[in-house]
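K.L.:
Sharing work_30.cif, mmCIF, C-alpha atoms and all ligand atoms:
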```
data_my_file
#
loop_
_atom_site.group_PDB
_atom_site.id
_atom_site.type_symbol
_atom_site.label_atom_id
_atom_site.label_comp_id
_atom_site.auth_asym_id
_atom_site.auth_seq_id
_atom_site.Cartn_x
_atom_site.Cartn_y
_atom_site.Cartn_z
ATOM 1 C CA MET A 955 -86.844 -0.249 161.776
ATOM 2 C CA ILE A 956 -84.008 1.433 163.664
ATOM 3 C CA THR A 957 -81.269 -0.856 162.330
ATOM 4 C CA LEU A 958 -82.303 -0.699 158.678
ATOM 5 C CA PRO A 959 -83.382 2.917 158.273
ATOM 6 C CA GLY A 960 -80.682 4.215 160.573
ATOM 7 C CA HIS A 961 -77.792 2.619 158.694
ATOM 8 C CA ILE A 962 -78.611 1.070 155.351
ATOM 9 C CA THR A 963 -80.948 3.807 154.188
ATOM 10 C CA THR A 964 -78.608 6.683 154.971
ATOM 11 C CA SER A 965 -75.617 5.056 153.277
ATOM 12 C CA ALA A 966 -77.873 4.010 150.377
ATOM 13 C CA LEU A 967 -79.084 7.591 150.027
ATOM 14 C CA LEU A 968 -75.524 8.920 149.857
ATOM 15 C CA GLY A 969 -74.474 6.173 147.421
ATOM 16 C CA ASN A 970 -77.521 6.731 145.218
ATOM 17 C CA GLY A 971 -76.936 10.474 145.349
ATOM 18 C CA LEU A 972 -73.274 10.337 144.369
ATOM 19 C CA LEU A 973 -74.007 7.873 141.595
ATOM 20 C CA ARG A 974 -76.801 10.067 140.222
ATOM 21 C CA LEU A 975 -74.839 13.334 140.551
ATOM 22 C CA LEU A 976 -71.590 12.007 139.086
ATOM 23 C CA SER A 977 -73.502 10.374 136.230
ATOM 24 C CA ASN A 978 -74.928 13.823 135.471
ATOM 25 C CA PRO A 979 -71.759 15.969 135.443
ATOM 26 C CA GLY A 980 -73.798 19.127 134.751
ATOM 27 C CA GLN A 981 -75.720 18.645 137.995
ATOM 28 C CA TRP A 982 -72.520 17.884 139.940
ATOM 29 C CA ARG A 983 -70.809 21.019 138.585
ATOM 30 C CA LEU A 984 -73.868 23.095 139.426
ATOM 31 C CA LEU A 985 -73.835 21.765 142.983
ATOM 32 C CA CYS A 986 -70.121 22.591 143.332
ATOM 33 C CA GLU A 987 -70.778 26.134 142.113
ATOM 34 C CA ARG A 988 -73.997 26.627 144.090
ATOM 35 C CA PRO A 989 -73.683 25.107 147.593
ATOM 36 C CA ASP A 990 -76.937 26.856 148.486
ATOM 37 C CA LEU A 991 -78.610 24.131 146.378
ATOM 38 C CA ILE A 992 -77.393 21.333 148.673
ATOM 39 C CA PRO A 993 -80.595 21.085 150.775
ATOM 40 C CA ASN A 994 -82.611 20.978 147.512
ATOM 41 C CA ALA A 995 -80.277 18.352 146.108
ATOM 42 C CA VAL A 996 -80.769 16.132 149.162
ATOM 43 C CA GLU A 997 -84.546 16.199 148.695
ATOM 44 C CA GLU A 998 -84.271 15.562 144.953
ATOM 45 C CA ILE A 999 -81.848 12.661 145.393
ATOM 46 C CA ALA A 1000 -84.148 11.156 148.002
ATOM 47 C CA ARG A 1001 -87.200 11.616 145.775
ATOM 48 C CA TYR A 1002 -85.564 10.388 142.582
ATOM 49 C CA ASP A 1003 -83.599 7.456 144.031
ATOM 50 C CA THR A 1004 -85.675 6.596 147.083
ATOM 51 C CA PRO A 1005 -83.608 4.233 149.262
ATOM 52 C CA THR A 1006 -86.606 2.638 150.985
ATOM 53 C CA HIS A 1007 -88.530 1.296 148.015
ATOM 54 C CA ILE A 1008 -91.423 -0.322 149.823
ATOM 55 C CA PHE A 1009 -92.876 -0.972 153.199
ATOM 56 C CA LEU A 1010 -95.625 -3.370 154.150
ATOM 57 C CA ARG A 1011 -98.931 -2.831 155.861
ATOM 58 C CA GLN A 1012 -101.831 -5.092 156.816
ATOM 59 C CA ALA A 1013 -105.463 -3.962 156.701
ATOM 60 C CA THR A 1014 -106.855 -4.203 160.240
ATOM 61 C CA GLN A 1015 -110.445 -4.058 158.953
ATOM 62 C CA ASP A 1016 -112.339 -4.320 155.672
ATOM 63 C CA THR A 1017 -111.650 -1.124 153.783
ATOM 64 C CA VAL A 1018 -111.365 0.463 150.343
ATOM 65 C CA LEU A 1019 -108.071 1.939 149.164
ATOM 66 C CA ALA A 1020 -107.963 3.960 145.946
ATOM 67 C CA GLY A 1021 -111.168 2.236 144.851
ATOM 68 C CA GLN A 1022 -109.781 -1.229 145.603
ATOM 69 C CA PRO A 1023 -111.674 -3.216 148.282
ATOM 70 C CA LEU A 1024 -109.327 -4.786 150.831
ATOM 71 C CA ALA A 1025 -110.486 -7.445 153.275
ATOM 72 C CA ALA A 1026 -109.204 -7.332 156.865
ATOM 73 C CA GLY A 1027 -105.829 -9.077 157.022
ATOM 74 C CA THR A 1028 -104.830 -8.220 153.448
ATOM 75 C CA GLU A 1029 -101.161 -7.349 153.133
ATOM 76 C CA VAL A 1030 -100.346 -4.240 151.143
ATOM 77 C CA ALA A 1031 -96.941 -3.313 149.731
ATOM 78 C CA VAL A 1032 -96.679 0.472 149.676
ATOM 79 C CA TRP A 1033 -94.285 1.565 146.910
ATOM 80 C CA LEU A 1034 -92.727 4.782 148.172
ATOM 81 C CA ALA A 1035 -90.328 4.924 145.218
ATOM 82 C CA ALA A 1036 -93.225 4.792 142.738
ATOM 83 C CA ALA A 1037 -95.135 7.497 144.616
ATOM 84 C CA ASN A 1038 -92.036 9.689 144.422
ATOM 85 C CA ARG A 1039 -92.072 9.478 140.597
ATOM 86 C CA ASP A 1040 -95.813 10.129 140.336
ATOM 87 C CA GLU A 1041 -96.437 12.588 137.494
ATOM 88 C CA THR A 1042 -99.592 13.865 139.187
ATOM 89 C CA ALA A 1043 -97.536 14.926 142.193
ATOM 90 C CA PHE A 1044 -94.291 16.047 140.526
ATOM 91 C CA GLU A 1045 -93.905 17.964 137.322
ATOM 92 C CA LYS A 1046 -91.539 16.114 134.965
ATOM 93 C CA ALA A 1047 -91.169 13.447 137.637
ATOM 94 C CA GLU A 1048 -88.739 11.415 135.516
ATOM 95 C CA GLU A 1049 -86.252 14.302 135.395
ATOM 96 C CA PHE A 1050 -83.502 14.549 137.994
ATOM 97 C CA ASP A 1051 -83.157 18.248 138.747
ATOM 98 C CA ILE A 1052 -81.473 19.589 141.862
ATOM 99 C CA THR A 1053 -83.007 23.010 141.243
ATOM 100 C CA ARG A 1054 -86.496 21.547 141.682
ATOM 101 C CA PRO A 1055 -88.001 23.600 144.507
ATOM 102 C CA VAL A 1056 -87.894 21.820 147.856
ATOM 103 C CA GLN A 1057 -91.249 20.250 148.429
ATOM 104 C CA SER A 1058 -92.811 18.244 151.145
ATOM 105 C CA LYS A 1059 -94.815 16.024 148.772
ATOM 106 C CA HIS A 1060 -92.335 13.174 148.610
ATOM 107 C CA VAL A 1061 -92.796 10.210 150.926
ATOM 108 C CA VAL A 1062 -89.157 9.200 151.299
ATOM 109 C CA PHE A 1063 -89.468 9.136 155.085
ATOM 110 C CA GLY A 1064 -92.970 7.647 155.208
ATOM 111 C CA LEU A 1065 -96.091 9.431 156.315
ATOM 112 C CA GLY A 1066 -98.298 9.750 159.363
ATOM 113 C CA ALA A 1067 -97.891 8.058 162.722
ATOM 114 C CA HIS A 1068 -94.747 6.141 161.758
ATOM 115 C CA PHE A 1069 -92.965 8.981 160.004
ATOM 116 C CA CYS A 1070 -89.216 8.388 160.227
ATOM 117 C CA LEU A 1071 -87.769 9.471 163.549
ATOM 118 C CA GLY A 1072 -84.354 9.941 161.979
ATOM 119 C CA ALA A 1073 -85.384 12.090 159.008
ATOM 120 C CA ALA A 1074 -83.725 15.278 160.263
ATOM 121 C CA LEU A 1075 -80.526 13.428 161.153
ATOM 122 C CA ALA A 1076 -80.404 11.634 157.793
ATOM 123 C CA ARG A 1077 -80.956 14.890 155.886
ATOM 124 C CA ARG A 1078 -78.200 16.603 157.854
ATOM 125 C CA GLN A 1079 -75.758 13.719 157.340
ATOM 126 C CA ILE A 1080 -76.209 13.788 153.576
ATOM 127 C CA GLU A 1081 -76.099 17.568 153.494
ATOM 128 C CA ILE A 1082 -72.780 17.652 155.367
ATOM 129 C CA SER A 1083 -71.326 14.871 153.202
ATOM 130 C CA LEU A 1084 -72.253 16.697 149.997
ATOM 131 C CA ARG A 1085 -70.946 20.001 151.347
ATOM 132 C CA LEU A 1086 -67.551 18.479 152.165
ATOM 133 C CA LEU A 1087 -67.283 16.524 148.919
ATOM 134 C CA THR A 1088 -68.228 19.472 146.687
ATOM 135 C CA GLU A 1089 -65.911 21.833 148.602
ATOM 136 C CA ARG A 1090 -62.899 19.541 148.816
ATOM 137 C CA LEU A 1091 -63.230 17.206 145.829
ATOM 138 C CA PRO A 1092 -65.066 19.082 143.064
ATOM 139 C CA GLY A 1093 -63.133 17.072 140.445
ATOM 140 C CA LEU A 1094 -64.664 13.807 141.646
ATOM 141 C CA GLN A 1095 -65.645 11.341 138.910
ATOM 142 C CA LEU A 1096 -66.938 7.809 138.743
ATOM 143 C CA VAL A 1097 -64.310 5.263 137.777
ATOM 144 C CA PRO A 1098 -65.409 4.421 134.223
ATOM 145 C CA ASP A 1099 -66.729 0.991 133.240
ATOM 146 C CA GLN A 1100 -67.011 -0.234 136.801
ATOM 147 C CA ARG A 1101 -69.602 -2.855 137.652
ATOM 148 C CA ILE A 1102 -72.030 -1.454 140.215
ATOM 149 C CA ASP A 1103 -73.813 -4.069 142.291
ATOM 150 C CA PHE A 1104 -76.907 -3.067 144.194
ATOM 151 C CA ARG A 1105 -77.891 -4.436 147.575
ATOM 152 C CA PRO A 1106 -79.805 -7.670 146.918
ATOM 153 C CA SER A 1107 -82.981 -6.463 148.559
ATOM 154 C CA LEU A 1108 -86.515 -5.791 147.390
ATOM 155 C CA ASP A 1109 -87.218 -3.032 149.881
ATOM 156 C CA HIS A 1110 -83.909 -1.134 150.020
ATOM 157 C CA ARG A 1111 -82.037 0.195 147.014
ATOM 158 C CA GLY A 1112 -78.466 1.464 146.999
ATOM 159 C CA PRO A 1113 -75.074 0.498 145.567
ATOM 160 C CA MET A 1114 -72.946 -1.914 147.579
ATOM 161 C CA SER A 1115 -69.887 0.149 146.660
ATOM 162 C CA LEU A 1116 -68.935 2.949 144.309
ATOM 163 C CA LEU A 1117 -65.463 3.572 142.894
ATOM 164 C CA VAL A 1118 -64.572 7.242 142.412
ATOM 165 C CA GLN A 1119 -61.431 9.011 141.217
ATOM 166 C CA LEU A 1120 -60.027 12.525 140.868
HETATM 167 C C1 LIG A 1201 -82.157 8.331 154.257
HETATM 168 C C2 LIG A 1201 -82.324 7.795 155.430
HETATM 169 C C3 LIG A 1201 -83.637 7.238 155.924
HETATM 170 C C4 LIG A 1201 -84.759 6.852 155.221
HETATM 171 C C5 LIG A 1201 -84.997 6.896 153.701
HETATM 172 C C6 LIG A 1201 -85.736 6.395 156.199
HETATM 173 C C7 LIG A 1201 -87.009 5.954 155.880
HETATM 174 C C8 LIG A 1201 -87.954 5.598 156.801
HETATM 175 C C9 LIG A 1201 -89.332 5.224 156.487
HETATM 176 C C10 LIG A 1201 -89.924 5.153 155.073
HETATM 177 C C11 LIG A 1201 -89.946 4.957 157.643
HETATM 178 C C12 LIG A 1201 -91.426 4.581 157.810
HETATM 179 C C13 LIG A 1201 -91.568 3.078 157.898
HETATM 180 C C14 LIG A 1201 -93.017 2.647 158.062
HETATM 181 O O1 LIG A 1201 -93.922 3.483 158.090
HETATM 182 O O2 LIG A 1201 -93.215 1.427 158.167
HETATM 183 C C15 LIG A 1201 -88.976 5.130 158.714
HETATM 184 C C16 LIG A 1201 -89.247 4.904 160.053
HETATM 185 C C17 LIG A 1201 -88.276 5.016 161.038
HETATM 186 N N1 LIG A 1201 -87.001 5.491 160.913
HETATM 187 FE FE1 LIG A 1201 -86.128 6.102 159.184
HETATM 188 N N2 LIG A 1201 -85.180 6.500 157.441
HETATM 189 C C18 LIG A 1201 -83.902 7.009 157.336
HETATM 190 C C19 LIG A 1201 -83.011 7.276 158.351
HETATM 191 C C20 LIG A 1201 -83.229 7.035 159.681
HETATM 192 C C21 LIG A 1201 -82.290 7.302 160.742
HETATM 193 C C22 LIG A 1201 -80.911 7.952 160.559
HETATM 194 C C23 LIG A 1201 -82.885 6.865 161.890
HETATM 195 C C24 LIG A 1201 -82.380 6.879 163.303
HETATM 196 C C25 LIG A 1201 -81.267 7.440 163.701
HETATM 197 C C26 LIG A 1201 -84.193 6.359 161.560
HETATM 198 C C27 LIG A 1201 -85.105 5.831 162.439
HETATM 199 C C28 LIG A 1201 -86.383 5.448 162.140
HETATM 200 C C29 LIG A 1201 -87.318 4.915 163.107
HETATM 201 C C30 LIG A 1201 -87.058 4.687 164.596
HETATM 202 C C31 LIG A 1201 -88.505 4.649 162.422
HETATM 203 C C32 LIG A 1201 -89.802 4.062 162.986
HETATM 204 C C33 LIG A 1201 -90.752 5.164 163.380
HETATM 205 C C34 LIG A 1201 -92.075 4.600 163.886
HETATM 206 O O3 LIG A 1201 -92.425 3.457 163.568
HETATM 207 O O4 LIG A 1201 -92.765 5.337 164.605
HETATM 208 N N3 LIG A 1201 -84.363 6.486 160.210
HETATM 209 N N4 LIG A 1201 -87.777 5.535 158.182
#
```
For the file at hand, write its structure as structure tokens.

P.N.:
Amino acid sequence: MITLPGHITTSALLGNGLLRLLSNPGQWRLLCERPDLIPNAVEEIARYDTPTHIFLRQATQDTVLAGQPLAAGTEVAVWLAAANRDETAFEKAEEFDITRPVQSKHVVFGLGAHFCLGAALARRQIEISLRLLTERLPGLQLVPDQRIDFRPSLDHRGPMSLLVQL
């Protein structure tokens, strides 16, 4: 997990975040005007555009999960990205809103015994990147009509590259 989460996920989170913010110029402007919202924005970007879409588990014994019986050995794909858009956990879950109060309910970094060891580092990296970009390049825009290719992966989601201009 160190190679993938430590590199791909952090760059995917920044790429997803810039794409989402610059596609919503109102949210980008707000972030430039209100740097105090940056920690909130990091959580909202991570919730809304979760870079680690799924991880896999295997039932070690017969069990029941959300009413569904699972025999020992059954493989389960846990959709973190879907959980992070769950309307029962997040009000207006389909809305991207950097003023959404910071909450610990999202599962971007997993849960329990295998909770991401790099979560604090990843959060800080994105926070610093957004602080520098909003301070120094508030006029940043996406290059219009560009083709954005996403990493060809089922479990990680982020743009391969993003063209921006001033
Ligand atoms: C946005 C960035 C990141 C995301 C979304 C992310 C996500 C995750 C998730 C969902 C897990 C749980 C996997 C599971 O339960 O099977 C995990 C585990 C882990 N992550 Fe991250 N991660 C990120 C950044 C990092 C960084 C920067 C590092 C290291 C410098 C790191 C190191 C690890 C390690 C070592 C584990 C395994 C922990 C264990 O199994 O006990 N991650 N990460």

K.L.:
I would like the residues chosen by the PyMOL selection byres (((chain A and resi 1076) around 12) and not hetatm) on the shown file; could you give them as a ChimeraX atom specification?

P.N.:
/A:959-968,993,996-997,1000,1005,1062-1063,1070-1075,1077-1083

K.L.:
Take the residues just selected and output them with C-alpha atoms as a short mmCIF file (atom, residue, chain, number, x, y, z; two decimals), keeping the file's coordinate frame.

P.N.:
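Written out: out_3.cif:
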```cif
data_model
loop_
_atom_site.label_atom_id
_atom_site.label_comp_id
_atom_site.auth_asym_id
_atom_site.auth_seq_id
_atom_site.Cartn_x
_atom_site.Cartn_y
_atom_site.Cartn_z
CA PRO A 959 -83.38 2.92 158.27
CA GLY A 960 -80.68 4.22 160.57
CA HIS A 961 -77.79 2.62 158.69
CA ILE A 962 -78.61 1.07 155.35
CA THR A 963 -80.95 3.81 154.19
CA THR A 964 -78.61 6.68 154.97
CA SER A 965 -75.62 5.06 153.28
CA ALA A 966 -77.87 4.01 150.38
CA LEU A 967 -79.08 7.59 150.03
CA LEU A 968 -75.52 8.92 149.86
CA PRO A 993 -80.60 21.08 150.78
CA VAL A 996 -80.77 16.13 149.16
CA GLU A 997 -84.55 16.20 148.70
CA ALA A 1000 -84.15 11.16 148.00
CA PRO A 1005 -83.61 4.23 149.26
CA VAL A 1062 -89.16 9.20 151.30
CA PHE A 1063 -89.47 9.14 155.08
CA CYS A 1070 -89.22 8.39 160.23
CA LEU A 1071 -87.77 9.47 163.55
CA GLY A 1072 -84.35 9.94 161.98
CA ALA A 1073 -85.38 12.09 159.01
CA ALA A 1074 -83.72 15.28 160.26
CA LEU A 1075 -80.53 13.43 161.15
CA ARG A 1077 -80.96 14.89 155.89
CA ARG A 1078 -78.20 16.60 157.85
CA GLN A 1079 -75.76 13.72 157.34
CA ILE A 1080 -76.21 13.79 153.58
CA GLU A 1081 -76.10 17.57 153.49
CA ILE A 1082 -72.78 17.65 155.37
CA SER A 1083 -71.33 14.87 153.20
#
```

K.L.:
Between CA of Glu987 in chain A and CA of Leu975 in chain A, what is the distance, to one decimal in Å?

P.N.:
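Here the two named atoms are 13.5 Å from each other.
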
K.L.:
Restricting the calculation to all atoms listed in the file: of A:Val1118, A:Ala1026, A:Ala1035, A:Val1097, which residue gets closest to ligand LIG 1201 (chain A)?

P.N.:
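Counting all atoms listed in the file, the residue closest to ligand LIG 1201 (chain A) is A:Ala1035.
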
K.L.:
What do you get, as a list in words, if you spell out every residue that the PyMOL selection byres (((chain A and resi 1049) around 12) and not hetatm) selects here?

P.N.:
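Applied to this file, the PyMOL selection byres (((chain A and resi 1049) around 12) and not hetatm) selects Arg974, Asn978, Gln981, Glu998, Ile999, Arg1001, Tyr1002, Asp1003, Asn1038, Arg1039, Asp1040, Glu1041, Phe1044, Glu1045, Lys1046, Ala1047, Glu1048, Phe1050, Asp1051, Ile1052, Thr1053 and Arg1054 of chain A.
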
K.L.:
May I ask for the distance between CA of Val1056 in chain A and CA of Thr1006 in chain A, given in Å to one decimal place?

P.N.:
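Interatomic distance, CA of Val1056 in chain A to CA of Thr1006 in chain A: 19.5 Å.
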
K.L.:
Rank A:Arg988, A:His1060, A:Arg983, A:Arg1090 by their smallest atom-to-atom distance to ligand LIG 1201 (chain A), using all atoms listed in the file, and report the top residue only.

P.N.:
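Looking only at the distances to ligand LIG 1201 (chain A), the closest residue turns out to be A:His1060.
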
K.L.:
Need the shell around Leu973 in chain A: protein/DNA/RNA residues with any atom at most 9 Å away, counting all atoms listed in the file. Skip same-chain ones fewer than 3 positions apart. Format as an MDAnalysis selection string?

P.N.:
chainID A and resid 968:970 976:978 1096 1113 1116

K.L.:
Where's the centre, and what are the edge lengths in Å to one decimal, of a box along x, y and z enclosing all listed atoms of ligand LIG 1201 (chain A) padded 4 Å per side, as lines of an AutoDock Vina configuration file?

P.N.:
```
center_x = -87.4
center_y = 4.9
center_z = 159.2
size_x = 21.0
size_y = 14.9
size_z = 18.9
```

K.L.:
To one decimal place, how far is atom C7 of ligand LIG 1201 (chain A) from CA of Ser1115 in chain A in Å?

P.N.:
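Taking atom C7 of ligand LIG 1201 (chain A) and CA of Ser1115 in chain A, their separation equals 20.3 Å.
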
K.L.:
Please provide as a list in words all residues within 10 Å of Leu985 in chain A, with the sequence filter that same-chain residues fewer than 3 positions apart are discarded (counting all atoms listed in the file).

P.N.:
Leu975, Pro979, Gly980, Gln981, Trp982, Arg988, Pro989, Asp990, Leu991, Ile992, Asn994, Ala995, Ile1052, Thr1053, Leu1084, Arg1085, Thr1088, Glu1089 and Pro1092 of chain A

K.L.:
Rank A:Leu1024, A:Val1030, A:Ile1008, A:Leu1086 by their smallest atom-to-atom distance to ligand LIG 1201 (chain A), using all atoms listed in the file, and report the top residue only.

P.N.:
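The shortest atom-to-atom distance to ligand LIG 1201 (chain A) comes from A:Ile1008.
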
K.L.:
Using all atoms listed in the file, which residue out of A:Val1032, A:Cys986, A:Val1018, A:Leu972 lies closest to Leu1091 in chain A?

P.N.:
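Of A:Val1032, A:Cys986, A:Val1018, A:Leu972, the one nearest Leu1091 in chain A, counting all atoms listed in the file, is A:Cys986.
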
K.L.:
Rank nothing, just name the residue among A:Met1114, A:Ala1031, A:Leu1065, A:Ile1102 nearest to ligand LIG 1201 (chain A), using all atoms listed in the file.

P.N.:
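Closest candidate: A:Leu1065.
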
K.L.:
Nearest to ligand LIG 1201 (chain A) among A:Arg1105, A:Gly1093, A:Gln1022, A:His1110, with distances taken over only C-alpha atoms and all ligand atoms: which residue is it?

P.N.:
A:His1110
